[in-house]
Amino acid sequence: MTTACRCAHPLTAECCSVVSLGCLAGPDGAAVAGVKLARLARLARTGVRVPGGFAVTAEAFRRHLADSGLDAVLPARLAAVPDPRDHAALAEAAAGLRLLLRETPVAEALRAEIARAFSLHCNGPVAVRSSAVAEDGSDHSFAGMFESFLGVRDPEGVVAAVQGCWASLFTHRALAYRMHAGLPVDALAMGVGVMNMVSARVSGVAFSMHPVTWRRDRTVVEAAPGVGGAVAGGPVPQRVEIARAGGRVLRRDPGTPTGAGPLLSDRDLTRVVDTVYRVEDVLGHPVDVEWAVDPEGRVWLLQARPVTGAAPEDDDTDWDPTAFLGDL
C-alpha cells in the first residue's frame with residue numbers, strides 16, 4: 001500500500017524533486033506530479049489497494065531542462081517545424097528531441113534522491129509510469145500518449161526509465177496533437193511514478209459502464225494471465241459482462257484459450273467489480289481502471305481514469321468526462 005507523506009513542510013508544485021506517493025493525495029498533488037498519480041494517491045487514502053512507491057515530480061523535470069539548457073534547445077528545435085501537417089519534418093524533429101531527453105545526463109543530486117527513494121519505498125521490480133501535469137483537462141486530453149516501463153530493477157534503470165517518460169512528451173503523436181491544439185511546447189510538465197510491481201497471476205482492465213454501448217447498468221471486466229496482458233497486447237483477453245443490479249454474469253467471451261478455463265474465479269470477479277464501483281464512488285463518474293490480482297487473491301488498482309466519449313443517463317447534452325478531472 002502507499003505510505004503516508006513524509007514531507008516535513010507543506011507540499012507545493014515547486015518544493016521537491018522526489019516525494020512519496022502518499023504526499024500526492026492532497027489538493028496540490030496533480031500540480032506536483034500529474035493527475036494520474038494524484039488520483040491514485042487519493043484513492044489509496046480511501047482504502048483502495050494501490051502499490052506503494054514514490055514520484056519524481058514535475059519540478060524535477062523543469063529543473064532538469066533548466067540546468068541542462070534543454071529549456072532553450074527544445075523550443076528552437078520545434079520552431080523549425082511550424083506546420084504540424086508536415087509529418088515527415090515533425091517526425092524527424094520529434095526523434096531528435098526524444099534522443100536529447102534520453103541522452104542528456106541527469107544531475108547527480110537527482111540520481112541520488114532517486115536511489116534513496118528506491119531504497120526506502122521499493123522492494124523489488126518496479127513500474128515506472130508517466131504522469132503529465134496536464135495529461136487530461138477540460139480542453140485537452142493526452143490519454144495514452146506517454147510511456148510506461150515495467151520490471152525495472154535498480155535505481156540506474158529507474159533513472160533511464162524516467163528519462164524515457166520525459167522523452168515521451170515529444171513523440172510525433174504528442175507533438176502533433178499539441179501543435180494542432182495551439183499549445184506551446186512547454187504546456188506540459190511530466191511527473192513520473194515509480195511503483196512496486198504487483199506479482200499478478202491475472203490482470204486487466206474494467207469499465208464501470210459498458211465501453212461500447214455506454215449502458216450504465218452494465219459492467220465489463222477484461223482479464224489476461226500475468227502482468228499487463230489485457231492492457232499491452234498479447235493474448236485476446238477474457239471478457240465478462242455483468243449486470244450492475246445483482247451482479248449476474250450476462251456474457252463470457254473466452255478470449256485466447258489458456259487451457260485453464262476462466263482466469264477469474266467468482267470470488268475474484270466480485271472483488272474486481274467491487275473495486276471498480278468503489279473507485280467510481282470516490283471519483284464521482286464512470287471509470288476505466290487497470291487492475292491486478294495477486295496470488296493471495298488481493299485486487300490492486302494500477303490506474304483509474306474517466307470513461308471517455310459517453311454521456312450520462314437521461315442527459316441529452318454532451319458529456320465531457322475531462323471536466324471531472326479537477327475534482328481530485
# chains A, B, ... in the order shown; residues from 1 in each chain; ligands from 1

$ select_by_dssp --residues "stretch 204-306 of chain A" --states "strand (DSSP E or B)" --output "MDAnalysis selection string"
chainID A and resid 204:207 218:225 238:243 249:253 287:293 299:306

$ residues_around --residues "stretch 81-97 of chain A" --least-positions-apart "3" --cutoff "12 Å" --atoms "only C-alpha atoms" --output "mmCIF file with N, CA and C atoms, in the first residue's frame"
data_model
loop_
_atom_site.group_PDB
_atom_site.id
_atom_site.type_symbol
_atom_site.label_atom_id
_atom_site.label_comp_id
_atom_site.auth_asym_id
_atom_site.auth_seq_id
_atom_site.Cartn_x
_atom_site.Cartn_y
_atom_site.Cartn_z
ATOM 1 N N LEU A 70 18.298 22.473 -21.883
ATOM 2 C CA LEU A 70 17.313 21.968 -22.837
ATOM 3 C C LEU A 70 16.093 22.873 -22.940
ATOM 4 N N ASP A 71 15.860 23.705 -21.913
ATOM 5 C CA ASP A 71 14.699 24.595 -21.977
ATOM 6 C C ASP A 71 14.835 25.626 -23.089
ATOM 7 N N VAL A 73 16.871 24.761 -25.937
ATOM 8 C CA VAL A 73 17.065 23.956 -27.146
ATOM 9 C C VAL A 73 15.737 23.439 -27.701
ATOM 10 N N LEU A 74 14.862 22.967 -26.825
ATOM 11 C CA LEU A 74 13.625 22.333 -27.295
ATOM 12 C C LEU A 74 12.745 23.285 -28.107
ATOM 13 N N PRO A 75 12.463 24.514 -27.619
ATOM 14 C CA PRO A 75 11.634 25.405 -28.436
ATOM 15 C C PRO A 75 12.283 25.764 -29.765
ATOM 16 N N ALA A 76 13.610 25.911 -29.770
ATOM 17 C CA ALA A 76 14.293 26.254 -31.026
ATOM 18 C C ALA A 76 14.154 25.133 -32.042
ATOM 19 N N ARG A 77 14.276 23.893 -31.578
ATOM 20 C CA ARG A 77 14.120 22.758 -32.493
ATOM 21 C C ARG A 77 12.701 22.704 -33.066
ATOM 22 N N LEU A 78 11.720 22.953 -32.217
ATOM 23 C CA LEU A 78 10.330 22.872 -32.674
ATOM 24 C C LEU A 78 9.941 24.054 -33.553
ATOM 25 N N LEU A 100 17.572 13.686 -27.356
ATOM 26 C CA LEU A 100 18.157 14.648 -26.417
ATOM 27 C C LEU A 100 17.717 14.357 -24.985
ATOM 28 N N LEU A 101 16.423 14.107 -24.798
ATOM 29 C CA LEU A 101 15.915 13.851 -23.449
ATOM 30 C C LEU A 101 16.488 12.569 -22.873
ATOM 31 N N ARG A 102 16.672 11.560 -23.699
ATOM 32 C CA ARG A 102 17.194 10.283 -23.208
ATOM 33 C C ARG A 102 18.694 10.342 -22.914
ATOM 34 N N GLU A 103 19.436 11.152 -23.660
ATOM 35 C CA GLU A 103 20.896 11.116 -23.567
ATOM 36 C C GLU A 103 21.500 12.243 -22.743
ATOM 37 N N THR A 104 20.742 13.300 -22.462
ATOM 38 C CA THR A 104 21.276 14.375 -21.626
ATOM 39 C C THR A 104 21.388 13.884 -20.188
ATOM 40 N N GLN A 163 13.869 9.163 -17.757
ATOM 41 C CA GLN A 163 14.216 9.900 -18.969
ATOM 42 C C GLN A 163 13.351 9.463 -20.158
ATOM 43 N N GLY A 164 13.040 8.170 -20.210
ATOM 44 C CA GLY A 164 12.154 7.684 -21.267
ATOM 45 C C GLY A 164 10.761 8.273 -21.156
ATOM 46 N N TRP A 166 10.049 11.204 -19.698
ATOM 47 C CA TRP A 166 10.188 12.603 -20.120
ATOM 48 C C TRP A 166 10.218 12.715 -21.651
ATOM 49 N N ALA A 167 10.981 11.831 -22.278
ATOM 50 C CA ALA A 167 11.111 11.888 -23.738
ATOM 51 C C ALA A 167 9.782 11.660 -24.438
ATOM 52 N N SER A 168 8.876 10.907 -23.794
ATOM 53 C CA SER A 168 7.605 10.613 -24.451
ATOM 54 C C SER A 168 6.699 11.835 -24.564
ATOM 55 N N LEU A 169 7.049 12.936 -23.890
ATOM 56 C CA LEU A 169 6.349 14.192 -24.147
ATOM 57 C C LEU A 169 6.531 14.646 -25.590
ATOM 58 N N PHE A 170 7.578 14.134 -26.249
ATOM 59 C CA PHE A 170 7.945 14.634 -27.566
ATOM 60 C C PHE A 170 7.872 13.548 -28.629
ATOM 61 N N THR A 171 6.899 12.666 -28.504
ATOM 62 C CA THR A 171 6.630 11.747 -29.608
ATOM 63 C C THR A 171 5.971 12.523 -30.749
ATOM 64 N N HIS A 172 6.028 11.944 -31.929
ATOM 65 C CA HIS A 172 5.378 12.555 -33.084
ATOM 66 C C HIS A 172 3.912 12.816 -32.782
ATOM 67 N N ARG A 173 3.236 11.813 -32.201
ATOM 68 C CA ARG A 173 1.810 11.938 -31.931
ATOM 69 C C ARG A 173 1.514 13.050 -30.935
ATOM 70 N N ALA A 174 2.282 13.102 -29.830
ATOM 71 C CA ALA A 174 2.026 14.113 -28.807
ATOM 72 C C ALA A 174 2.309 15.516 -29.325
ATOM 73 N N LEU A 175 3.383 15.658 -30.104
ATOM 74 C CA LEU A 175 3.709 16.973 -30.657
ATOM 75 C C LEU A 175 2.656 17.430 -31.645
ATOM 76 N N ALA A 176 2.211 16.528 -32.519
ATOM 77 C CA ALA A 176 1.189 16.902 -33.499
ATOM 78 C C ALA A 176 -0.083 17.352 -32.798
ATOM 79 N N TYR A 177 -0.482 16.606 -31.759
ATOM 80 C CA TYR A 177 -1.689 16.974 -31.019
ATOM 81 C C TYR A 177 -1.521 18.348 -30.378
ATOM 82 N N ARG A 178 -0.366 18.560 -29.747
ATOM 83 C CA ARG A 178 -0.139 19.828 -29.052
ATOM 84 C C ARG A 178 -0.141 20.998 -30.028
ATOM 85 N N MET A 179 0.509 20.824 -31.188
ATOM 86 C CA MET A 179 0.583 21.909 -32.159
ATOM 87 C C MET A 179 -0.774 22.171 -32.808
ATOM 88 N N HIS A 180 -1.518 21.120 -33.092
ATOM 89 C CA HIS A 180 -2.868 21.306 -33.634
ATOM 90 C C HIS A 180 -3.754 22.054 -32.642
ATOM 91 N N ALA A 181 -3.545 21.778 -31.338
ATOM 92 C CA ALA A 181 -4.361 22.421 -30.309
ATOM 93 C C ALA A 181 -3.887 23.827 -29.976
ATOM 94 N N GLY A 182 -2.765 24.248 -30.570
ATOM 95 C CA GLY A 182 -2.244 25.579 -30.303
ATOM 96 C C GLY A 182 -1.581 25.721 -28.951
ATOM 97 N N LEU A 183 -1.104 24.613 -28.395
ATOM 98 C CA LEU A 183 -0.442 24.652 -27.090
ATOM 99 C C LEU A 183 1.052 24.875 -27.270
ATOM 100 N N PRO A 184 1.676 25.670 -26.405
ATOM 101 C CA PRO A 184 3.128 25.871 -26.503
ATOM 102 C C PRO A 184 3.883 24.608 -26.136
ATOM 103 N N VAL A 185 5.130 24.560 -26.531
ATOM 104 C CA VAL A 185 5.925 23.354 -26.292
ATOM 105 C C VAL A 185 6.073 23.054 -24.816
#

$ residues_around --residues "A:Leu301" --least-positions-apart "6" --cutoff "9 Å" --atoms "only C-alpha atoms" --output "MDAnalysis selection string"
chainID A and resid 40 43:44 48:51 275:276 289:292

$ write_last_selection --atoms "all heavy atoms" --output "compact mmCIF listing (two decimals), in the first residue's frame"
# COMPACT_ATOMS: atom_id res chain seq x y z
N LEU A 40 -4.43 8.27 -7.97
CA LEU A 40 -4.12 7.02 -7.26
C LEU A 40 -3.87 7.28 -5.78
O LEU A 40 -4.30 6.49 -4.92
CB LEU A 40 -2.90 6.36 -7.90
CG LEU A 40 -3.11 5.67 -9.24
CD1 LEU A 40 -1.78 5.17 -9.79
CD2 LEU A 40 -4.09 4.50 -9.11
N LEU A 43 -7.16 7.78 -4.03
CA LEU A 43 -7.88 6.53 -3.88
C LEU A 43 -7.26 5.66 -2.79
O LEU A 43 -7.96 5.01 -2.01
CB LEU A 43 -7.93 5.80 -5.21
CG LEU A 43 -8.86 6.44 -6.25
CD1 LEU A 43 -8.54 5.92 -7.65
CD2 LEU A 43 -10.32 6.17 -5.90
N ALA A 44 -5.93 5.64 -2.73
CA ALA A 44 -5.25 4.88 -1.69
C ALA A 44 -5.63 5.39 -0.30
O ALA A 44 -5.81 4.61 0.64
CB ALA A 44 -3.74 4.94 -1.88
N VAL A 48 -8.51 2.03 -1.01
CA VAL A 48 -8.29 1.20 -2.19
C VAL A 48 -6.83 0.75 -2.20
O VAL A 48 -5.92 1.52 -1.89
CB VAL A 48 -8.62 1.99 -3.48
CG1 VAL A 48 -8.32 1.17 -4.72
CG2 VAL A 48 -10.09 2.42 -3.47
N ARG A 49 -6.59 -0.51 -2.54
CA ARG A 49 -5.24 -1.08 -2.50
C ARG A 49 -4.46 -0.62 -3.74
O ARG A 49 -4.79 -1.00 -4.87
CB ARG A 49 -5.30 -2.60 -2.43
CG ARG A 49 -3.94 -3.25 -2.21
CD ARG A 49 -4.06 -4.74 -2.02
NE ARG A 49 -4.55 -5.09 -0.69
CZ ARG A 49 -5.75 -5.56 -0.42
NH1 ARG A 49 -6.61 -5.76 -1.40
NH2 ARG A 49 -6.11 -5.85 0.81
N VAL A 50 -3.43 0.22 -3.53
CA VAL A 50 -2.59 0.78 -4.59
C VAL A 50 -1.14 0.44 -4.27
O VAL A 50 -0.72 0.57 -3.10
CB VAL A 50 -2.77 2.31 -4.68
CG1 VAL A 50 -1.80 2.92 -5.69
CG2 VAL A 50 -4.21 2.65 -5.06
N PRO A 51 -0.33 0.01 -5.24
CA PRO A 51 1.07 -0.29 -4.95
C PRO A 51 1.80 0.94 -4.40
O PRO A 51 1.55 2.06 -4.83
CB PRO A 51 1.64 -0.71 -6.31
CG PRO A 51 0.46 -1.14 -7.11
CD PRO A 51 -0.67 -0.28 -6.65
N THR A 275 -14.09 -3.29 -6.43
CA THR A 275 -13.06 -2.25 -6.50
C THR A 275 -13.43 -1.19 -7.52
O THR A 275 -13.30 0.02 -7.27
CB THR A 275 -11.70 -2.87 -6.85
OG1 THR A 275 -11.32 -3.79 -5.83
CG2 THR A 275 -10.62 -1.80 -6.98
N VAL A 276 -13.92 -1.61 -8.68
CA VAL A 276 -14.33 -0.66 -9.72
C VAL A 276 -15.43 0.26 -9.20
O VAL A 276 -15.37 1.49 -9.39
CB VAL A 276 -14.81 -1.41 -10.97
CG1 VAL A 276 -15.38 -0.45 -12.01
CG2 VAL A 276 -13.66 -2.20 -11.58
N VAL A 289 -10.53 1.33 -15.34
CA VAL A 289 -9.42 1.07 -14.42
C VAL A 289 -8.54 -0.06 -14.94
O VAL A 289 -8.99 -0.92 -15.70
CB VAL A 289 -9.92 0.72 -13.00
CG1 VAL A 289 -10.91 1.75 -12.50
CG2 VAL A 289 -10.52 -0.67 -12.94
N GLU A 290 -7.28 -0.01 -14.53
CA GLU A 290 -6.36 -1.14 -14.71
C GLU A 290 -6.17 -1.78 -13.33
O GLU A 290 -5.99 -1.07 -12.34
CB GLU A 290 -5.02 -0.68 -15.28
CG GLU A 290 -5.12 -0.11 -16.68
CD GLU A 290 -3.79 0.38 -17.21
OE1 GLU A 290 -2.74 -0.04 -16.66
OE2 GLU A 290 -3.78 1.17 -18.16
N TRP A 291 -6.21 -3.10 -13.28
CA TRP A 291 -6.17 -3.82 -12.01
C TRP A 291 -5.28 -5.05 -12.14
O TRP A 291 -4.95 -5.50 -13.24
CB TRP A 291 -7.57 -4.24 -11.58
CG TRP A 291 -8.29 -5.03 -12.64
CD1 TRP A 291 -9.11 -4.55 -13.61
CD2 TRP A 291 -8.18 -6.45 -12.87
NE1 TRP A 291 -9.54 -5.58 -14.44
CE2 TRP A 291 -8.98 -6.75 -14.01
CE3 TRP A 291 -7.50 -7.49 -12.24
CZ2 TRP A 291 -9.11 -8.05 -14.51
CZ3 TRP A 291 -7.63 -8.77 -12.74
CH2 TRP A 291 -8.42 -9.04 -13.87
N ALA A 292 -4.92 -5.61 -11.00
CA ALA A 292 -4.18 -6.88 -10.96
C ALA A 292 -4.62 -7.65 -9.73
O ALA A 292 -4.92 -7.05 -8.68
CB ALA A 292 -2.68 -6.63 -10.94

$ select_by_dssp --residues "stretch 135-298 of chain A" --states "helix (DSSP H, G or I)" --output "ChimeraX atom specification"
/A:155-170,172-180,229-232,266-283

$ write_last_selection --atoms "C-alpha atoms" --output "CSV table (one decimal), in the first residue's frame"
chain,number,residue,atom,x,y,z
A,155,PRO,CA,18.0,2.9,-9.4
A,156,GLU,CA,20.0,3.4,-12.6
A,157,GLY,CA,17.3,1.6,-14.5
A,158,VAL,CA,14.7,3.9,-12.9
A,159,VAL,CA,16.7,7.0,-14.0
A,160,ALA,CA,16.8,5.7,-17.5
A,161,ALA,CA,13.1,5.0,-17.4
A,162,VAL,CA,12.3,8.4,-16.0
A,163,GLN,CA,14.2,9.9,-19.0
A,164,GLY,CA,12.2,7.7,-21.3
A,165,CYS,CA,9.0,9.0,-19.7
A,166,TRP,CA,10.2,12.6,-20.1
A,167,ALA,CA,11.1,11.9,-23.7
A,168,SER,CA,7.6,10.6,-24.5
A,169,LEU,CA,6.3,14.2,-24.1
A,170,PHE,CA,7.9,14.6,-27.6
A,172,HIS,CA,5.4,12.6,-33.1
A,173,ARG,CA,1.8,11.9,-31.9
A,174,ALA,CA,2.0,14.1,-28.8
A,175,LEU,CA,3.7,17.0,-30.7
A,176,ALA,CA,1.2,16.9,-33.5
A,177,TYR,CA,-1.7,17.0,-31.0
A,178,ARG,CA,-0.1,19.8,-29.1
A,179,MET,CA,0.6,21.9,-32.2
A,180,HIS,CA,-2.9,21.3,-33.6
A,229,GLY,CA,-1.6,-8.8,-20.8
A,230,ALA,CA,-5.0,-7.2,-21.3
A,231,VAL,CA,-3.6,-3.7,-21.5
A,232,ALA,CA,-0.4,-4.0,-23.6
A,266,ASP,CA,-16.4,-15.9,-8.9
A,267,ARG,CA,-14.7,-14.5,-5.8
A,268,ASP,CA,-12.0,-12.8,-7.9
A,269,LEU,CA,-14.6,-11.3,-10.2
A,270,THR,CA,-16.7,-10.0,-7.3
A,271,ARG,CA,-13.6,-8.4,-5.7
A,272,VAL,CA,-12.6,-6.7,-9.0
A,273,VAL,CA,-16.1,-5.4,-9.6
A,274,ASP,CA,-16.4,-4.1,-6.0
A,275,THR,CA,-13.1,-2.3,-6.5
A,276,VAL,CA,-14.3,-0.7,-9.7
A,277,TYR,CA,-17.5,0.5,-8.0
A,278,ARG,CA,-15.6,1.9,-5.1
A,279,VAL,CA,-13.3,3.9,-7.4
A,280,GLU,CA,-16.4,5.2,-9.2
A,281,ASP,CA,-18.0,6.2,-6.0
A,282,VAL,CA,-14.9,8.1,-4.8
A,283,LEU,CA,-14.2,9.9,-8.2

$ residues_around --residues "A:Arg63" --least-positions-apart "2" --cutoff "12 Å" --atoms "only C-alpha atoms" --output "list in words"
Glu14, Cys15, Cys16, Ser17, Val56, Thr57, Ala58, Glu59, Ala60, Phe61, Leu65, Ala66, Asp67, Ser68, Gly69, Leu70, Asp71, Val106, Ala107, Ala109, Leu110, Ala189 and Met190 of chain A

$ write_last_selection --atoms "N, CA and C atoms" --output "JSON list (two decimals), in the first residue's frame"
[["chain", "number", "residue", "atom", "x", "y", "z"],
["A", 14, "GLU", "N", 6.55, 23.49, -6.44],
["A", 14, "GLU", "CA", 7.98, 23.80, -6.62],
["A", 14, "GLU", "C", 8.86, 23.26, -5.52],
["A", 15, "CYS", "N", 8.32, 22.49, -4.56],
["A", 15, "CYS", "CA", 9.09, 22.25, -3.34],
["A", 15, "CYS", "C", 10.08, 21.11, -3.44],
["A", 16, "CYS", "N", 9.79, 20.07, -4.19],
["A", 16, "CYS", "CA", 10.56, 18.84, -4.08],
["A", 16, "CYS", "C", 10.83, 18.24, -5.45],
["A", 17, "SER", "N", 11.87, 17.44, -5.53],
["A", 17, "SER", "CA", 12.14, 16.67, -6.74],
["A", 17, "SER", "C", 11.62, 15.25, -6.65],
["A", 56, "VAL", "N", 8.82, 11.10, -9.02],
["A", 56, "VAL", "CA", 9.75, 12.15, -9.46],
["A", 56, "VAL", "C", 8.86, 13.27, -10.00],
["A", 57, "THR", "N", 8.96, 14.43, -9.40],
["A", 57, "THR", "CA", 7.96, 15.47, -9.62],
["A", 57, "THR", "C", 8.17, 16.22, -10.94],
["A", 58, "ALA", "N", 7.13, 16.96, -11.31],
["A", 58, "ALA", "CA", 7.24, 17.82, -12.48],
["A", 58, "ALA", "C", 8.30, 18.89, -12.29],
["A", 59, "GLU", "N", 8.50, 19.32, -11.04],
["A", 59, "GLU", "CA", 9.55, 20.30, -10.77],
["A", 59, "GLU", "C", 10.92, 19.73, -11.07],
["A", 60, "ALA", "N", 11.13, 18.43, -10.80],
["A", 60, "ALA", "CA", 12.40, 17.80, -11.16],
["A", 60, "ALA", "C", 12.62, 17.85, -12.67],
["A", 61, "PHE", "N", 11.57, 17.64, -13.45],
["A", 61, "PHE", "CA", 11.67, 17.74, -14.91],
["A", 61, "PHE", "C", 12.03, 19.17, -15.32],
["A", 65, "LEU", "N", 15.47, 20.44, -17.29],
["A", 65, "LEU", "CA", 15.52, 21.22, -18.53],
["A", 65, "LEU", "C", 16.36, 22.48, -18.33],
["A", 66, "ALA", "N", 16.15, 23.19, -17.22],
["A", 66, "ALA", "CA", 16.86, 24.44, -16.98],
["A", 66, "ALA", "C", 18.35, 24.21, -16.76],
["A", 67, "ASP", "N", 18.69, 23.23, -15.92],
["A", 67, "ASP", "CA", 20.09, 23.00, -15.59],
["A", 67, "ASP", "C", 20.89, 22.49, -16.79],
["A", 68, "SER", "N", 20.24, 21.75, -17.66],
["A", 68, "SER", "CA", 20.94, 21.18, -18.82],
["A", 68, "SER", "C", 20.92, 22.09, -20.04],
["A", 69, "GLY", "N", 20.13, 23.16, -19.99],
["A", 69, "GLY", "CA", 19.99, 24.05, -21.15],
["A", 69, "GLY", "C", 18.97, 23.58, -22.16],
["A", 70, "LEU", "N", 18.30, 22.47, -21.88],
["A", 70, "LEU", "CA", 17.31, 21.97, -22.84],
["A", 70, "LEU", "C", 16.09, 22.87, -22.94],
["A", 71, "ASP", "N", 15.86, 23.71, -21.91],
["A", 71, "ASP", "CA", 14.70, 24.60, -21.98],
["A", 71, "ASP", "C", 14.83, 25.63, -23.09],
["A", 106, "VAL", "N", 21.39, 13.18, -16.30],
["A", 106, "VAL", "CA", 20.61, 13.65, -15.16],
["A", 106, "VAL", "C", 21.58, 14.04, -14.05],
["A", 107, "ALA", "N", 21.30, 15.14, -13.37],
["A", 107, "ALA", "CA", 22.18, 15.64, -12.32],
["A", 107, "ALA", "C", 22.40, 14.60, -11.23],
["A", 109, "ALA", "N", 22.63, 14.98, -8.12],
["A", 109, "ALA", "CA", 21.76, 15.17, -6.95],
["A", 109, "ALA", "C", 20.43, 14.46, -7.13],
["A", 110, "LEU", "N", 19.84, 14.55, -8.33],
["A", 110, "LEU", "CA", 18.57, 13.87, -8.57],
["A", 110, "LEU", "C", 18.76, 12.36, -8.62],
["A", 189, "ALA", "N", 4.21, 19.51, -18.25],
["A", 189, "ALA", "CA", 5.36, 19.09, -17.46],
["A", 189, "ALA", "C", 5.08, 17.66, -17.03],
["A", 190, "MET", "N", 6.13, 16.89, -16.85],
["A", 190, "MET", "CA", 5.96, 15.45, -16.63],
["A", 190, "MET", "C", 6.36, 15.05, -15.22]]

$ closest_residue --among "A:Val249, A:Ile242, A:Ala31, A:Ala25" --to "A:Val133" --atoms "only C-alpha atoms"
A:Ala31

$ atom_distance --atom1 "atom CA of A:Thr213" --atom2 "atom CA of A:Gly246"
19.8 Å
